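File shown: final_36.tsv. Contents: TSV, C-alpha atoms (C1' of nucleotides) and all ligand atoms.
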chain	number	residue	atom	x	y	z
A	1	MET	CA	39.39	62.62	-29.30
A	2	ARG	CA	42.00	60.31	-27.88
A	3	ILE	CA	41.77	58.07	-24.89
A	4	SER	CA	44.76	58.39	-22.56
A	5	THR	CA	47.46	55.75	-22.54
A	6	LYS	CA	46.67	55.49	-18.85
A	7	ALA	CA	43.31	54.00	-19.73
A	8	GLN	CA	44.75	51.81	-22.47
A	9	TYR	CA	47.40	50.50	-20.11
A	10	ALA	CA	44.84	49.89	-17.40
A	11	VAL	CA	42.61	47.81	-19.63
A	12	ARG	CA	45.50	45.83	-21.08
A	13	ALA	CA	46.91	45.20	-17.64
A	14	MET	CA	43.56	44.02	-16.34
A	15	VAL	CA	43.19	41.59	-19.22
A	16	ASP	CA	46.71	40.33	-18.59
A	17	LEU	CA	45.96	39.91	-14.93
A	18	SER	CA	42.74	38.09	-15.63
A	19	VAL	CA	44.41	35.76	-18.13
A	20	HIS	CA	47.44	34.87	-16.04
A	21	SER	CA	45.91	34.73	-12.61
A	22	ASN	CA	44.18	31.49	-11.78
A	23	GLY	CA	43.09	32.56	-8.38
A	24	ARG	CA	46.75	33.31	-7.55
A	25	PRO	CA	48.06	36.84	-7.03
A	26	VAL	CA	50.01	38.24	-9.97
A	27	PRO	CA	52.85	40.67	-9.17
A	28	LEU	CA	52.96	43.88	-11.17
A	29	LYS	CA	56.49	43.08	-12.21
A	30	GLU	CA	55.23	40.26	-14.41
A	31	ILE	CA	52.52	42.35	-15.99
A	32	SER	CA	55.01	45.12	-16.54
A	33	GLN	CA	57.30	42.79	-18.47
A	34	ARG	CA	54.65	41.02	-20.49
A	35	GLU	CA	52.83	44.20	-21.46
A	36	GLU	CA	55.82	46.51	-21.77
A	37	ILE	CA	54.40	49.02	-19.34
A	38	PRO	CA	56.69	50.88	-16.90
A	39	LEU	CA	56.40	49.27	-13.48
A	40	ASN	CA	56.13	52.49	-11.53
A	41	TYR	CA	53.40	53.68	-13.81
A	42	LEU	CA	51.46	50.47	-13.32
A	43	GLU	CA	51.70	50.94	-9.60
A	44	GLN	CA	49.92	54.26	-9.84
A	45	LEU	CA	47.16	52.75	-11.94
A	46	PHE	CA	46.60	49.78	-9.68
A	47	PHE	CA	46.55	52.04	-6.68
A	48	ARG	CA	43.46	53.66	-8.15
A	49	LEU	CA	41.96	50.40	-9.29
A	50	LYS	CA	42.32	49.12	-5.78
A	51	LYS	CA	40.58	52.13	-4.30
A	52	ALA	CA	37.77	51.48	-6.78
A	53	GLU	CA	37.64	47.92	-5.46
A	54	VAL	CA	38.18	46.41	-8.86
A	55	VAL	CA	41.27	44.56	-7.68
A	56	ALA	CA	42.60	43.51	-4.30
A	57	SER	CA	46.22	43.25	-3.20
A	58	VAL	CA	48.22	40.60	-1.38
A	59	ARG	CA	51.40	41.88	0.22
A	60	GLY	CA	54.65	40.18	0.88
A	61	PRO	CA	56.56	37.53	-1.06
A	62	GLY	CA	54.32	35.57	-3.38
A	63	GLY	CA	51.91	38.48	-3.33
A	64	GLY	CA	50.46	40.56	-6.08
A	65	TYR	CA	47.06	41.60	-7.30
A	66	ILE	CA	43.89	39.59	-7.85
A	67	LEU	CA	40.51	40.53	-9.23
A	68	ALA	CA	38.15	41.73	-6.52
A	69	ARG	CA	35.17	40.16	-8.30
A	70	PRO	CA	34.45	37.69	-11.09
A	71	SER	CA	35.62	39.12	-14.41
A	72	ALA	CA	32.08	39.01	-15.77
A	73	LEU	CA	31.15	41.75	-13.30
A	74	ILE	CA	34.00	44.06	-14.22
A	75	LYS	CA	33.17	46.40	-17.08
A	76	VAL	CA	35.71	48.10	-19.29
A	77	GLY	CA	33.94	51.39	-18.71
A	78	GLU	CA	34.59	51.05	-15.04
A	79	ILE	CA	38.29	50.52	-15.52
A	80	VAL	CA	38.55	53.51	-17.81
A	81	ALA	CA	36.51	55.74	-15.52
A	82	MET	CA	38.67	54.94	-12.52
A	83	VAL	CA	41.85	55.86	-14.23
A	84	GLU	CA	40.77	58.74	-16.45
A	85	GLU	CA	39.19	61.54	-14.46
A	86	PRO	CA	36.59	63.02	-16.78
A	87	LEU	CA	34.54	60.77	-19.03
A	88	ASN	CA	32.68	63.86	-20.18
A	89	PRO	CA	33.68	64.92	-23.67
A	90	VAL	CA	33.52	68.62	-22.75
A	91	SER	CA	34.20	70.64	-19.62
A	92	CYS	CA	30.88	72.47	-20.02
A	93	LEU	CA	29.12	69.43	-18.65
A	94	ASP	CA	31.24	69.09	-15.52
A	95	ASP	CA	29.35	69.53	-12.28
A	96	GLY	CA	26.08	69.14	-14.12
A	97	GLY	CA	26.60	72.17	-16.33
A	98	ALA	CA	27.73	74.62	-13.68
A	99	ALA	CA	31.06	75.04	-15.43
A	100	CYS	CA	29.70	76.94	-18.46
A	101	HIS	CA	27.95	80.29	-18.50
A	102	ARG	CA	26.70	79.83	-22.05
A	103	ILE	CA	24.96	76.55	-21.53
A	104	SER	CA	21.50	78.08	-21.57
A	105	ARG	CA	22.03	79.69	-24.97
A	106	CYS	CA	24.05	76.85	-26.48
A	107	VAL	CA	22.60	74.00	-28.45
A	108	THR	CA	25.75	72.02	-28.98
A	109	HIS	CA	26.06	70.73	-25.46
A	110	ASN	CA	23.20	68.36	-26.22
A	111	VAL	CA	25.44	66.79	-28.80
A	112	TRP	CA	28.32	66.28	-26.41
A	113	GLN	CA	26.04	65.05	-23.68
A	114	GLY	CA	24.60	62.44	-26.02
A	115	LEU	CA	28.08	61.49	-27.15
A	116	GLY	CA	29.19	60.99	-23.59
A	117	GLU	CA	26.27	58.73	-22.89
A	118	ARG	CA	27.04	56.64	-25.94
A	119	ILE	CA	30.66	56.27	-24.98
A	120	ARG	CA	29.85	55.21	-21.45
A	121	GLY	CA	27.14	52.89	-22.68
A	122	PHE	CA	29.46	51.19	-25.11
A	123	LEU	CA	32.29	50.67	-22.67
A	124	ASP	CA	29.99	49.53	-19.91
A	125	ALA	CA	28.60	46.82	-22.16
A	126	ILE	CA	31.96	45.05	-22.44
A	127	SER	CA	33.08	42.90	-19.56
A	128	LEU	CA	36.57	41.82	-18.69
A	129	GLU	CA	35.44	38.23	-19.09
A	130	GLU	CA	34.76	38.71	-22.79
A	131	LEU	CA	38.18	40.19	-23.38
A	132	THR	CA	39.80	37.43	-21.36
A	133	ARG	CA	38.13	34.75	-23.44
A	134	GLU	CA	39.21	36.50	-26.61
A	135	ALA	CA	42.77	36.74	-25.39
A	136	GLN	CA	42.88	33.09	-24.42
A	137	ALA	CA	41.50	32.08	-27.80
A	138	GLY	CA	44.31	34.07	-29.35
A	139	LEU	CA	46.94	32.42	-27.19
A	140	ASP	CA	45.58	28.98	-28.01
A	141	VAL	CA	46.67	29.46	-31.56
A	142	LEU	CA	50.25	29.64	-30.33
A	143	SER	CA	49.99	26.91	-27.71
A	144	PRO	CA	46.90	24.76	-28.33
A	145	PRO	CA	45.33	22.65	-25.56
A	146	GLY	CA	47.43	19.49	-25.15
A	147	GLY	CA	50.46	21.30	-26.50
A	148	THR	CA	53.59	22.05	-24.54
A	149	THR	CA	52.31	24.72	-22.18
A	150	ARG	CA	55.72	25.15	-20.56
B	1	MET	CA	38.42	61.48	-23.21
B	2	ARG	CA	37.87	65.09	-24.04
B	3	ILE	CA	37.02	66.61	-27.35
B	4	SER	CA	39.21	69.61	-28.19
B	5	THR	CA	37.87	73.12	-27.87
B	6	LYS	CA	38.82	73.44	-31.51
B	7	ALA	CA	36.06	71.02	-32.38
B	8	GLN	CA	33.61	72.57	-29.97
B	9	TYR	CA	34.31	76.00	-31.38
B	10	ALA	CA	33.96	74.74	-34.92
B	11	VAL	CA	30.56	73.21	-34.32
B	12	ARG	CA	29.28	76.23	-32.43
B	13	ALA	CA	30.56	78.56	-35.12
B	14	MET	CA	28.91	76.51	-37.84
B	15	VAL	CA	25.58	76.60	-36.03
B	16	ASP	CA	25.94	80.33	-35.56
B	17	LEU	CA	26.74	80.77	-39.23
B	18	SER	CA	23.81	78.66	-40.26
B	19	VAL	CA	21.41	80.53	-38.00
B	20	HIS	CA	22.49	84.05	-38.91
B	21	SER	CA	23.17	83.64	-42.60
B	22	ASN	CA	20.13	83.83	-44.81
B	23	GLY	CA	21.97	83.24	-47.99
B	24	ARG	CA	24.22	86.19	-47.14
B	25	PRO	CA	27.87	85.86	-46.21
B	26	VAL	CA	28.58	86.19	-42.51
B	27	PRO	CA	31.92	87.74	-41.51
B	28	LEU	CA	33.96	85.92	-38.90
B	29	LYS	CA	34.09	89.07	-36.83
B	30	GLU	CA	30.40	88.71	-36.05
B	31	ILE	CA	30.67	85.06	-35.15
B	32	SER	CA	33.67	85.83	-33.03
B	33	GLN	CA	31.71	88.37	-31.01
B	34	ARG	CA	28.51	86.39	-30.67
B	35	GLU	CA	30.24	83.17	-29.71
B	36	GLU	CA	33.12	84.64	-27.72
B	37	ILE	CA	35.73	82.88	-29.80
B	38	PRO	CA	39.06	84.61	-30.63
B	39	LEU	CA	38.91	85.90	-34.19
B	40	ASN	CA	42.34	84.66	-35.18
B	41	TYR	CA	41.49	81.24	-33.90
B	42	LEU	CA	38.28	81.15	-35.88
B	43	GLU	CA	40.18	82.05	-39.00
B	44	GLN	CA	42.35	78.98	-38.61
B	45	LEU	CA	39.31	76.78	-38.19
B	46	PHE	CA	37.45	78.18	-41.17
B	47	PHE	CA	40.55	77.85	-43.26
B	48	ARG	CA	40.33	74.12	-42.76
B	49	LEU	CA	36.57	74.00	-43.13
B	50	LYS	CA	36.94	75.73	-46.42
B	51	LYS	CA	39.52	73.26	-47.65
B	52	ALA	CA	37.07	70.53	-46.68
B	53	GLU	CA	34.45	72.31	-48.79
B	54	VAL	CA	32.03	72.61	-45.93
B	55	VAL	CA	31.95	76.38	-46.29
B	56	ALA	CA	32.76	78.80	-49.08
B	57	SER	CA	34.18	82.28	-48.74
B	58	VAL	CA	33.36	85.65	-50.25
B	59	ARG	CA	36.20	88.11	-50.12
B	60	GLY	CA	36.22	91.85	-49.85
B	61	PRO	CA	33.89	94.25	-48.08
B	62	GLY	CA	30.51	92.73	-47.36
B	63	GLY	CA	32.09	89.33	-47.62
B	64	GLY	CA	32.27	86.45	-45.20
B	65	TYR	CA	31.52	82.77	-45.16
B	66	ILE	CA	28.50	80.83	-46.38
B	67	LEU	CA	27.61	77.18	-46.19
B	68	ALA	CA	28.89	75.26	-49.19
B	69	ARG	CA	25.85	72.95	-49.13
B	70	PRO	CA	22.42	72.77	-47.55
B	71	SER	CA	22.77	72.35	-43.81
B	72	ALA	CA	20.93	69.03	-43.96
B	73	LEU	CA	23.92	67.59	-45.82
B	74	ILE	CA	26.53	68.79	-43.35
B	75	LYS	CA	27.13	66.35	-40.51
B	76	VAL	CA	28.61	67.25	-37.16
B	77	GLY	CA	31.06	64.39	-37.53
B	78	GLU	CA	32.39	65.97	-40.66
B	79	ILE	CA	33.02	69.28	-38.95
B	80	VAL	CA	34.78	67.62	-36.06
B	81	ALA	CA	36.89	65.41	-38.30
B	82	MET	CA	38.10	68.36	-40.36
B	83	VAL	CA	39.32	70.28	-37.40
B	84	GLU	CA	40.56	67.53	-35.09
B	85	GLU	CA	43.18	65.38	-36.77
B	86	PRO	CA	42.65	61.93	-35.33
B	87	LEU	CA	39.15	60.64	-34.69
B	88	ASN	CA	40.73	57.38	-33.62
B	89	PRO	CA	40.63	56.90	-29.89
B	90	VAL	CA	44.10	55.32	-29.84
B	91	SER	CA	47.26	55.79	-31.87
B	92	CYS	CA	47.58	52.03	-32.38
B	93	LEU	CA	44.87	52.24	-35.02
B	94	ASP	CA	46.50	55.01	-37.05
B	95	ASP	CA	47.48	54.03	-40.57
B	96	GLY	CA	45.33	50.94	-40.31
B	97	GLY	CA	47.28	49.47	-37.40
B	98	ALA	CA	50.78	49.99	-38.73
B	99	ALA	CA	51.61	52.19	-35.75
B	100	CYS	CA	51.59	49.40	-33.16
B	101	HIS	CA	53.87	46.38	-32.99
B	102	ARG	CA	51.69	44.61	-30.44
B	103	ILE	CA	48.47	44.76	-32.37
B	104	SER	CA	48.58	41.10	-33.32
B	105	ARG	CA	48.86	39.95	-29.69
B	106	CYS	CA	46.54	42.57	-28.26
B	107	VAL	CA	42.83	42.11	-27.75
B	108	THR	CA	42.03	45.58	-26.53
B	109	HIS	CA	42.35	47.29	-29.85
B	110	ASN	CA	39.06	45.73	-30.84
B	111	VAL	CA	37.47	47.70	-28.06
B	112	TRP	CA	38.94	50.99	-29.19
B	113	GLN	CA	38.15	50.27	-32.79
B	114	GLY	CA	34.52	49.61	-31.90
B	115	LEU	CA	34.45	52.74	-29.79
B	116	GLY	CA	35.77	54.81	-32.65
B	117	GLU	CA	33.10	53.48	-34.95
B	118	ARG	CA	30.40	54.33	-32.46
B	119	ILE	CA	31.68	57.84	-32.00
B	120	ARG	CA	31.86	58.49	-35.71
B	121	GLY	CA	28.47	56.89	-36.24
B	122	PHE	CA	26.87	59.05	-33.62
B	123	LEU	CA	28.33	62.33	-34.82
B	124	ASP	CA	27.64	61.54	-38.44
B	125	ALA	CA	23.97	61.01	-37.66
B	126	ILE	CA	23.48	64.61	-36.55
B	127	SER	CA	23.14	67.26	-39.24
B	128	LEU	CA	23.74	70.95	-38.95
B	129	GLU	CA	20.11	71.47	-39.92
B	130	GLU	CA	18.87	69.79	-36.77
B	131	LEU	CA	21.06	71.94	-34.58
B	132	THR	CA	20.04	75.04	-36.46
B	133	ARG	CA	16.37	74.32	-35.91
B	134	GLU	CA	17.00	73.70	-32.25
B	135	ALA	CA	18.89	76.94	-31.91
B	136	GLN	CA	16.17	78.91	-33.66
B	137	ALA	CA	13.52	77.39	-31.44
B	138	GLY	CA	15.58	78.56	-28.49
B	139	LEU	CA	15.92	82.07	-29.86
B	140	ASP	CA	12.20	82.30	-30.52
B	141	VAL	CA	11.59	82.18	-26.82
B	142	LEU	CA	13.48	85.46	-26.51
B	143	SER	CA	12.09	87.12	-29.64
B	144	PRO	CA	8.96	85.32	-30.84
B	145	PRO	CA	7.70	85.63	-34.46
B	146	GLY	CA	5.93	88.96	-34.82
B	147	GLY	CA	7.92	90.37	-31.94
B	148	THR	CA	10.48	93.14	-32.13
B	149	THR	CA	13.32	91.38	-33.95
B	150	ARG	CA	15.91	94.10	-33.37
C	1	DT	C1'	65.01	38.11	13.46
C	2	DT	C1'	66.56	39.23	9.31
C	3	DA	C1'	66.33	39.61	4.50
C	4	DA	C1'	63.69	39.62	0.47
C	5	DT	C1'	59.48	40.48	-1.78
C	6	DA	C1'	55.89	43.35	-3.17
C	7	DG	C1'	52.53	46.81	-2.44
C	8	DT	C1'	51.87	52.15	-0.88
C	9	DT	C1'	52.32	56.88	-1.49
C	10	DG	C1'	53.67	61.52	-2.71
C	11	DA	C1'	56.50	64.48	-5.22
C	12	DC	C1'	58.41	65.75	-9.34
C	13	DA	C1'	60.45	66.19	-14.16
C	14	DA	C1'	60.19	65.64	-19.16
C	15	DT	C1'	57.53	65.62	-22.99
C	16	DT	C1'	53.78	66.51	-25.87
C	17	DT	C1'	49.49	68.66	-27.01
C	18	DT	C1'	46.47	72.35	-27.02
C	19	DA	C1'	45.04	76.96	-27.15
C	20	DG	C1'	45.78	81.21	-28.40
C	21	DT	C1'	48.59	85.31	-30.48
C	22	DA	C1'	50.92	87.80	-33.93
C	23	DA	C1'	51.95	89.37	-38.19
C	24	DG	C1'	51.86	89.97	-42.77
C	25	DG	C1'	49.71	88.96	-46.96
C	26	DT	C1'	45.84	88.86	-50.80
C	27	DA	C1'	41.49	89.76	-52.99
C	28	DT	C1'	37.48	92.72	-53.72
C	29	DG	C1'	33.89	96.06	-53.58
C	30	DT	C1'	32.94	101.17	-53.06
D	1	DA	C1'	42.94	104.33	-53.09
D	2	DC	C1'	40.97	102.63	-49.21
D	3	DA	C1'	38.55	99.80	-46.14
D	4	DT	C1'	36.98	95.32	-45.42
D	5	DA	C1'	37.55	90.68	-44.73
D	6	DC	C1'	39.60	86.45	-45.96
D	7	DC	C1'	44.36	83.75	-46.26
D	8	DT	C1'	48.52	81.71	-44.34
D	9	DT	C1'	52.42	80.80	-41.58
D	10	DA	C1'	54.98	81.05	-37.52
D	11	DC	C1'	55.42	81.27	-32.93
D	12	DT	C1'	54.59	81.15	-27.77
D	13	DA	C1'	52.47	80.20	-23.43
D	14	DA	C1'	49.92	77.15	-20.74
D	15	DA	C1'	48.18	72.84	-19.59
D	16	DA	C1'	47.85	67.94	-19.63
D	17	DT	C1'	50.02	63.74	-20.12
D	18	DT	C1'	53.38	60.51	-19.35
D	19	DG	C1'	56.79	58.62	-16.92
D	20	DT	C1'	60.47	58.64	-13.00
D	21	DC	C1'	62.28	58.72	-8.31
D	22	DA	C1'	62.52	57.87	-3.69
D	23	DA	C1'	61.24	56.46	0.62
D	24	DC	C1'	58.05	53.62	3.29
D	25	DT	C1'	55.11	49.71	5.08
D	26	DA	C1'	53.46	45.03	5.39
D	27	DT	C1'	54.26	40.18	4.90
D	28	DT	C1'	56.49	35.85	4.42
D	29	DA	C1'	60.24	32.50	4.35
D	30	DA	C1'	64.73	31.11	5.75
E	1	LIG	S1	29.64	76.51	-24.71
E	1	LIG	FE1	29.35	75.54	-22.80
E	1	LIG	S2	27.58	74.39	-23.27
E	1	LIG	FE2	28.04	75.18	-25.23
E	2	LIG	S1	48.86	47.94	-27.71
E	2	LIG	FE1	48.64	48.62	-29.75
E	2	LIG	S2	46.87	47.51	-30.33
E	2	LIG	FE2	46.95	47.05	-28.21

Starting from the file, lay out its structure as structure tokens.
Amino acid sequence: MRISTKAQYAVRAMVDLSVHSNGRPVPLKEISQREEIPLNYLEQLFFRLKKAEVVASVRGPGGGYILARPSALIKVGEIVAMVEEPLNPVSCLDDGGAACHRISRCVTHNVWQGLGERIRGFLDAISLEELTREAQAGLDVLSPPGGTTR
Amino acid sequence: MRISTKAQYAVRAMVDLSVHSNGRPVPLKEISQREEIPLNYLEQLFFRLKKAEVVASVRGPGGGYILARPSALIKVGEIVAMVEEPLNPVSCLDDGGAACHRISRCVTHNVWQGLGERIRGFLDAISLEELTREAQAGLDVLSPPGGTTR
DNA sequence: TTAATAGTTGACAATTTTAGTAAGGTATGT
DNA sequence: ACATACCTTACTAAAATTGTCAACTATTAA
């Protein structure tokens, strides 16, 4: 019952992007360094996030990625779902149950179905904005407002 | 975000055991056939379930496994936890956070921690008794009370 | 227009995890 | 003694995950 590092990376990277972008594009190189995530790996993830229209890209020098919408409208569940193929806990439920020939005689799939709904519900209730605020509050301890912010 | 087949098998096998045992030991061979689970694989699972004192064994001819407690006191979460090592969604949280050197600067682990708690909470709220009743209700459609039960 | 930046895309290799097999052993009832 | 059925460890094959490489396209600034 582990979430893939892909998904962990994606969420961390999105928080990083949201914190360090102030309307300006952030290049992956920066995120890669700050978050200790391989650059080429990040590229793959953001490729998918772009297709999902969670971020948008700006090419050329001075380019990078920006959020495609206000962070309040981006849910963690969305980020995870875009990057991790199946958010179903079991393969039996794929394609609406067509994948399993025992599903009619099996009571346990109700359990996994309910679990899946809970997981999605939980992750969809958290927005990127909340995490961004939390992260900024954490950073403020190190460099409080009025302090030497570079 | 998939649960292992190990855990799925374990839960299904426990339901099967609970349904077909009426105080009598049920041999794994039977469960293996009814549930289409490799016998040797089941043995491994029940070995662990026994160590967790969820089931008890009776050796020799006519032997098998029985529930170690009333099914109302056996929670699905317990079965899953015994068979699937980490119920943490991320490795960062293993050993109470000692596994990750970024945990102090990272806001996302709160998300995964919360997710883990939800998952455990959900699975711990479902008892084997409930699943057993459901399964028996399902079987009754095929062979109703008073009907030819074998 | 040329060079540098940065995103785009597909293929692929290494590693780790999972699922399943095999084999031999031990206890127990008939 | 023999058959049954649990007990335990070790191993292997397959799949998923994770990460790397390489070549390409678009854009901007000098
Ligand atoms: S085995 Fe597929 S639904 Fe239970
Ligand atoms: S990276 Fe380990 S806690 Fe976030």

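Neighbours of ligand LIG 1 (chain E) at a cut-off of 10 Å, computed so that only C-alpha atoms (C1' of nucleotides) and all ligand atoms are counted, are the residues Val90, Ser91, Cys92, Leu93, Asp94, Gly97, Ala98, Ala99, Cys100, His101, Arg102, Ile103, Ser104, Arg105, Cys106, Val107, Thr108, His109, Asn110, Val111, Trp112 and Gln113 of chain A; Thr5, Gln8, Tyr9, Val11, Arg12, Glu35 and Glu36 of chain B.
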
Between chain B and chain D, at 10 Å or less, what are the per-residue closest atom pairs and their distances in Å? Count all atoms listed in the file, order by chain and rising residue number, and return it as a tab-separated table.
residue	atom	partner	partner_atom	distance
B:Pro27	CA	D:DA5	C1'	7.1
B:Leu28	CA	D:DA5	C1'	8.3
B:Lys29	CA	D:DA5	C1'	8.8
B:Glu43	CA	D:DC6	C1'	8.3
B:Gln44	CA	D:DT8	C1'	8.9
B:Phe46	CA	D:DC6	C1'	9.8
B:Phe47	CA	D:DC7	C1'	7.6
B:Ser57	CA	D:DC6	C1'	7.4
B:Val58	CA	D:DC6	C1'	7.6
B:Arg59	CA	D:DC6	C1'	5.6
B:Gly60	CA	D:DA5	C1'	5.4
B:Pro61	CA	D:DT4	C1'	4.2
B:Gly62	CA	D:DT4	C1'	7.2
B:Gly63	CA	D:DA5	C1'	6.3
B:Gly64	CA	D:DA5	C1'	6.8
B:Tyr65	CA	D:DC6	C1'	8.9

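Put simply, CA of Val55 in chain B is 17.3 Å away from CA of Asn40 in chain B.
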
Find the residues of chain C in contact range of chain B, meaning any atom within 8 Å when counting only C-alpha atoms (C1' of nucleotides), and list them as number ranges by chain.
C: 18, 20-21, 27-29

Write out as JSON lines a residue-level contact list of chain A versus chain B with cut-off 6 Å: for each qualifying residue the closest pair of atoms and the distance in Å to one decimal, counting all atoms listed in the file, rows sorted by chain and residue number upward.
{"residue": "A:Met1", "atom": "CA", "partner": "B:Ile3", "partner_atom": "CA", "distance": 5.0}
{"residue": "A:Arg2", "atom": "CA", "partner": "B:Pro89", "partner_atom": "CA", "distance": 4.2}
{"residue": "A:Ile3", "atom": "CA", "partner": "B:Met1", "partner_atom": "CA", "distance": 5.1}
{"residue": "A:Leu87", "atom": "CA", "partner": "B:Met1", "partner_atom": "CA", "distance": 5.7}
{"residue": "A:Pro89", "atom": "CA", "partner": "B:Arg2", "partner_atom": "CA", "distance": 4.2}
{"residue": "A:Val90", "atom": "CA", "partner": "B:Arg2", "partner_atom": "CA", "distance": 5.7}
{"residue": "A:Val107", "atom": "CA", "partner": "B:Ala135", "partner_atom": "CA", "distance": 5.9}
{"residue": "A:Ala135", "atom": "CA", "partner": "B:Val107", "partner_atom": "CA", "distance": 5.9}

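One finds CA of Met14 in chain A at 19.3 Å from C1' of DT8 in chain C.
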
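CA of Ser127 in chain A sits 15.5 Å away from CA of Leu49 in chain A.
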
How big is the axis-aligned box, and where does its centre sit, when it encloses all atoms of ligand LIG 2 (chain E) listed in the file and has 6 Å added on every side, reported in Å to one decimal as AutoDock Vina command-line options?
--center_x 47.9 --center_y 47.8 --center_z -29.0 --size_x 14.0 --size_y 13.6 --size_z 14.6

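With all atoms listed in the file as the basis for measurement, A:Arg34 is the residue among A:Pro70, A:Arg48, A:Arg34, A:Glu53 that approaches ligand LIG 2 (chain E) most closely.
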
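The shortest atom-to-atom distance to ligand LIG 2 (chain E), with only C-alpha atoms and all ligand atoms taken into account, belongs to A:Ile37 out of A:Gly77, A:Glu30, A:Ile37, A:Ala56.
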